[in-house]
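Everything below concerns the one structure shown next.
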Amino acid sequence: MKRPLLALPLVALPLVLLALAGCGSSDAAPEVDESDKPGSTIACLDAKGVPAHVDGRDENEVLLDAGPRVKFYLTAAAAEAAQFQGEGEGAEQIGSALLFVDPEVDPKTEDVLKDVEGCLADL
């Protein structure tokens, strides 16, 4: 006895719907607003176990418990201009951010700086 061709898709349809229902689960990681660079940096640092918080008059700075701080500008050109105007003396420019570090860096801070630089480079 021959089965109709329509029966196979009807059997497969519930399986496909079940699989698609799992794709919209609510246990996914929370969305991060990528235009919020301080918030994105905090999320990245938190994932790496680096304690930090947002600060600054316009909430455009990230302060790390280890000492370094990051100040964000609208563009990379604005960050570079801030350095030329003397606002970023001794800071490392990474995209639209300036990373301020103490002149004396201990080995613990060195590891934190690698994490911070990686997070800023990924923005």
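Order determines the names: the first chain of the structure tokens is A, the second B, and so forth; residues in each chain are numbered 1 upward, and ligands are numbered 1 upward as they are shown.
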### Message
Which of region 31-103 of chain A end up as helix (DSSP H, G or I) when DSSP is run on this backbone - answer as a VMD selection string?
### Response
chain A and resid 37 to 47 76 to 84
### Query
Using the chain letters and numbers from this document, which residues of region 17-119 of chain A does DSSP assign to strand (DSSP E), as a list of chain:residue names?
A:Ala52, A:His53, A:Val54, A:Asp55, A:Glu61, A:Val62, A:Leu63, A:Leu64, A:Arg69, A:Val70, A:Lys71, A:Phe72, A:Glu92, A:Gln93, A:Ile94, A:Ala97, A:Leu98, A:Leu99, A:Phe100
### Message
If we count only C-alpha atoms and set the cut-off at 12 Å, which residues sit around Leu113 (chain A), ignoring sequence neighbours fewer than 3 positions away in its own chain? Please answer as a list in words.
### Response
Leu45, Lys48, Val50, Leu64, Asp65, Ala66, Gly67, Pro68, Arg69, Val70, Glu92, Leu99, Phe100, Val101, Asp102, Val105, Asp106, Pro107, Lys108, Thr109, Glu110, Val116, Glu117, Gly118, Cys119, Leu120 and Ala121 of chain A
Take the residues just selected and output them with N, CA and C atoms as a PDB file, in the first residue's frame.
```pdb
ATOM      1  N   LEU A  45      33.480  43.335  30.959  1.00  0.00           N
ATOM      2  CA  LEU A  45      34.366  43.168  32.116  1.00  0.00           C
ATOM      3  C   LEU A  45      33.744  42.245  33.158  1.00  0.00           C
ATOM      4  N   LYS A  48      34.299  38.770  32.401  1.00  0.00           N
ATOM      5  CA  LYS A  48      35.686  38.354  32.642  1.00  0.00           C
ATOM      6  C   LYS A  48      36.045  38.392  34.126  1.00  0.00           C
ATOM      7  N   VAL A  50      36.034  41.102  36.108  1.00  0.00           N
ATOM      8  CA  VAL A  50      36.736  42.331  36.478  1.00  0.00           C
ATOM      9  C   VAL A  50      35.716  43.316  37.052  1.00  0.00           C
ATOM     10  N   LEU A  64      37.495  51.150  37.276  1.00  0.00           N
ATOM     11  CA  LEU A  64      37.795  49.787  37.679  1.00  0.00           C
ATOM     12  C   LEU A  64      38.261  49.786  39.128  1.00  0.00           C
ATOM     13  N   ASP A  65      37.857  48.762  39.874  1.00  0.00           N
ATOM     14  CA  ASP A  65      38.285  48.652  41.266  1.00  0.00           C
ATOM     15  C   ASP A  65      39.800  48.534  41.360  1.00  0.00           C
ATOM     16  N   ALA A  66      40.444  48.050  40.313  1.00  0.00           N
ATOM     17  CA  ALA A  66      41.896  47.877  40.310  1.00  0.00           C
ATOM     18  C   ALA A  66      42.639  49.198  40.107  1.00  0.00           C
ATOM     19  N   GLY A  67      41.909  50.291  39.785  1.00  0.00           N
ATOM     20  CA  GLY A  67      42.565  51.587  39.648  1.00  0.00           C
ATOM     21  C   GLY A  67      42.401  52.276  38.311  1.00  0.00           C
ATOM     22  N   PRO A  68      42.596  51.579  37.181  1.00  0.00           N
ATOM     23  CA  PRO A  68      42.474  52.270  35.895  1.00  0.00           C
ATOM     24  C   PRO A  68      41.055  52.796  35.656  1.00  0.00           C
ATOM     25  N   ARG A  69      40.943  53.772  34.783  1.00  0.00           N
ATOM     26  CA  ARG A  69      39.628  54.266  34.387  1.00  0.00           C
ATOM     27  C   ARG A  69      39.596  54.461  32.880  1.00  0.00           C
ATOM     28  N   VAL A  70      38.394  54.430  32.332  1.00  0.00           N
ATOM     29  CA  VAL A  70      38.187  54.579  30.894  1.00  0.00           C
ATOM     30  C   VAL A  70      37.207  55.721  30.695  1.00  0.00           C
ATOM     31  N   GLU A  92      46.002  55.714  27.005  1.00  0.00           N
ATOM     32  CA  GLU A  92      46.081  54.926  25.780  1.00  0.00           C
ATOM     33  C   GLU A  92      44.742  55.052  25.058  1.00  0.00           C
ATOM     34  N   LEU A  99      42.069  55.114  27.889  1.00  0.00           N
ATOM     35  CA  LEU A  99      42.318  54.259  29.048  1.00  0.00           C
ATOM     36  C   LEU A  99      43.434  54.896  29.872  1.00  0.00           C
ATOM     37  N   PHE A 100      43.071  55.331  31.086  1.00  0.00           N
ATOM     38  CA  PHE A 100      44.023  55.984  31.985  1.00  0.00           C
ATOM     39  C   PHE A 100      44.562  54.947  32.968  1.00  0.00           C
ATOM     40  N   VAL A 101      45.887  54.874  33.047  1.00  0.00           N
ATOM     41  CA  VAL A 101      46.553  53.879  33.890  1.00  0.00           C
ATOM     42  C   VAL A 101      47.611  54.587  34.727  1.00  0.00           C
ATOM     43  N   ASP A 102      47.780  54.142  35.959  1.00  0.00           N
ATOM     44  CA  ASP A 102      48.844  54.674  36.801  1.00  0.00           C
ATOM     45  C   ASP A 102      50.191  54.353  36.171  1.00  0.00           C
ATOM     46  N   VAL A 105      52.568  49.966  37.341  1.00  0.00           N
ATOM     47  CA  VAL A 105      51.577  48.906  37.183  1.00  0.00           C
ATOM     48  C   VAL A 105      52.112  47.628  37.813  1.00  0.00           C
ATOM     49  N   ASP A 106      51.319  47.057  38.752  1.00  0.00           N
ATOM     50  CA  ASP A 106      51.737  45.802  39.367  1.00  0.00           C
ATOM     51  C   ASP A 106      51.240  44.631  38.515  1.00  0.00           C
ATOM     52  N   PRO A 107      51.739  43.428  38.765  1.00  0.00           N
ATOM     53  CA  PRO A 107      51.360  42.266  37.942  1.00  0.00           C
ATOM     54  C   PRO A 107      49.850  41.984  37.922  1.00  0.00           C
ATOM     55  N   LYS A 108      49.133  42.212  39.052  1.00  0.00           N
ATOM     56  CA  LYS A 108      47.685  41.985  39.064  1.00  0.00           C
ATOM     57  C   LYS A 108      46.981  42.946  38.115  1.00  0.00           C
ATOM     58  N   THR A 109      47.383  44.213  38.162  1.00  0.00           N
ATOM     59  CA  THR A 109      46.778  45.223  37.297  1.00  0.00           C
ATOM     60  C   THR A 109      47.092  44.937  35.838  1.00  0.00           C
ATOM     61  N   GLU A 110      48.236  44.355  35.572  1.00  0.00           N
ATOM     62  CA  GLU A 110      48.629  44.018  34.197  1.00  0.00           C
ATOM     63  C   GLU A 110      47.616  43.057  33.568  1.00  0.00           C
ATOM     64  N   VAL A 116      40.699  44.665  29.950  1.00  0.00           N
ATOM     65  CA  VAL A 116      40.093  45.941  29.584  1.00  0.00           C
ATOM     66  C   VAL A 116      40.388  46.265  28.131  1.00  0.00           C
ATOM     67  N   GLU A 117      41.635  46.118  27.726  1.00  0.00           N
ATOM     68  CA  GLU A 117      42.008  46.405  26.339  1.00  0.00           C
ATOM     69  C   GLU A 117      41.243  45.511  25.376  1.00  0.00           C
ATOM     70  N   GLY A 118      41.067  44.248  25.741  1.00  0.00           N
ATOM     71  CA  GLY A 118      40.302  43.331  24.889  1.00  0.00           C
ATOM     72  C   GLY A 118      38.846  43.756  24.767  1.00  0.00           C
ATOM     73  N   CYS A 119      38.247  44.154  25.884  1.00  0.00           N
ATOM     74  CA  CYS A 119      36.845  44.602  25.851  1.00  0.00           C
ATOM     75  C   CYS A 119      36.691  45.863  25.017  1.00  0.00           C
ATOM     76  N   LEU A 120      37.621  46.801  25.174  1.00  0.00           N
ATOM     77  CA  LEU A 120      37.525  48.047  24.408  1.00  0.00           C
ATOM     78  C   LEU A 120      37.749  47.807  22.924  1.00  0.00           C
ATOM     79  N   ALA A 121      38.633  46.895  22.599  1.00  0.00           N
ATOM     80  CA  ALA A 121      38.910  46.601  21.191  1.00  0.00           C
ATOM     81  C   ALA A 121      37.704  45.947  20.522  1.00  0.00           C
TER      82      ALA A 121
END
```
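As for CA of Asp36 (chain A) and CA of Gly86 (chain A), they are spaced 25.3 Å apart.
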### Message
Using only C-alpha atoms for the distances, tell me which of A:Leu123, A:Phe72, A:Ala78, A:Ala43 is nearest to Asp58 (chain A).
### Response
A:Phe72
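The residue that comes closest to Ala97 (chain A), out of A:Tyr73, A:Gly49, A:Glu61, A:Asp122 and on the basis of only C-alpha atoms, is A:Tyr73.
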### Message
Residues within 8 Å of Asn60 (chain A), please, as an MDAnalysis selection string. Count only C-alpha atoms; anything in the same chain fewer than 4 positions from it doesn't count.
### Response
chainID A and resid 38 54:56 71:73
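A straight line drawn from CA of Gly95 (chain A) to CA of Leu63 (chain A) is 17.6 Å long.
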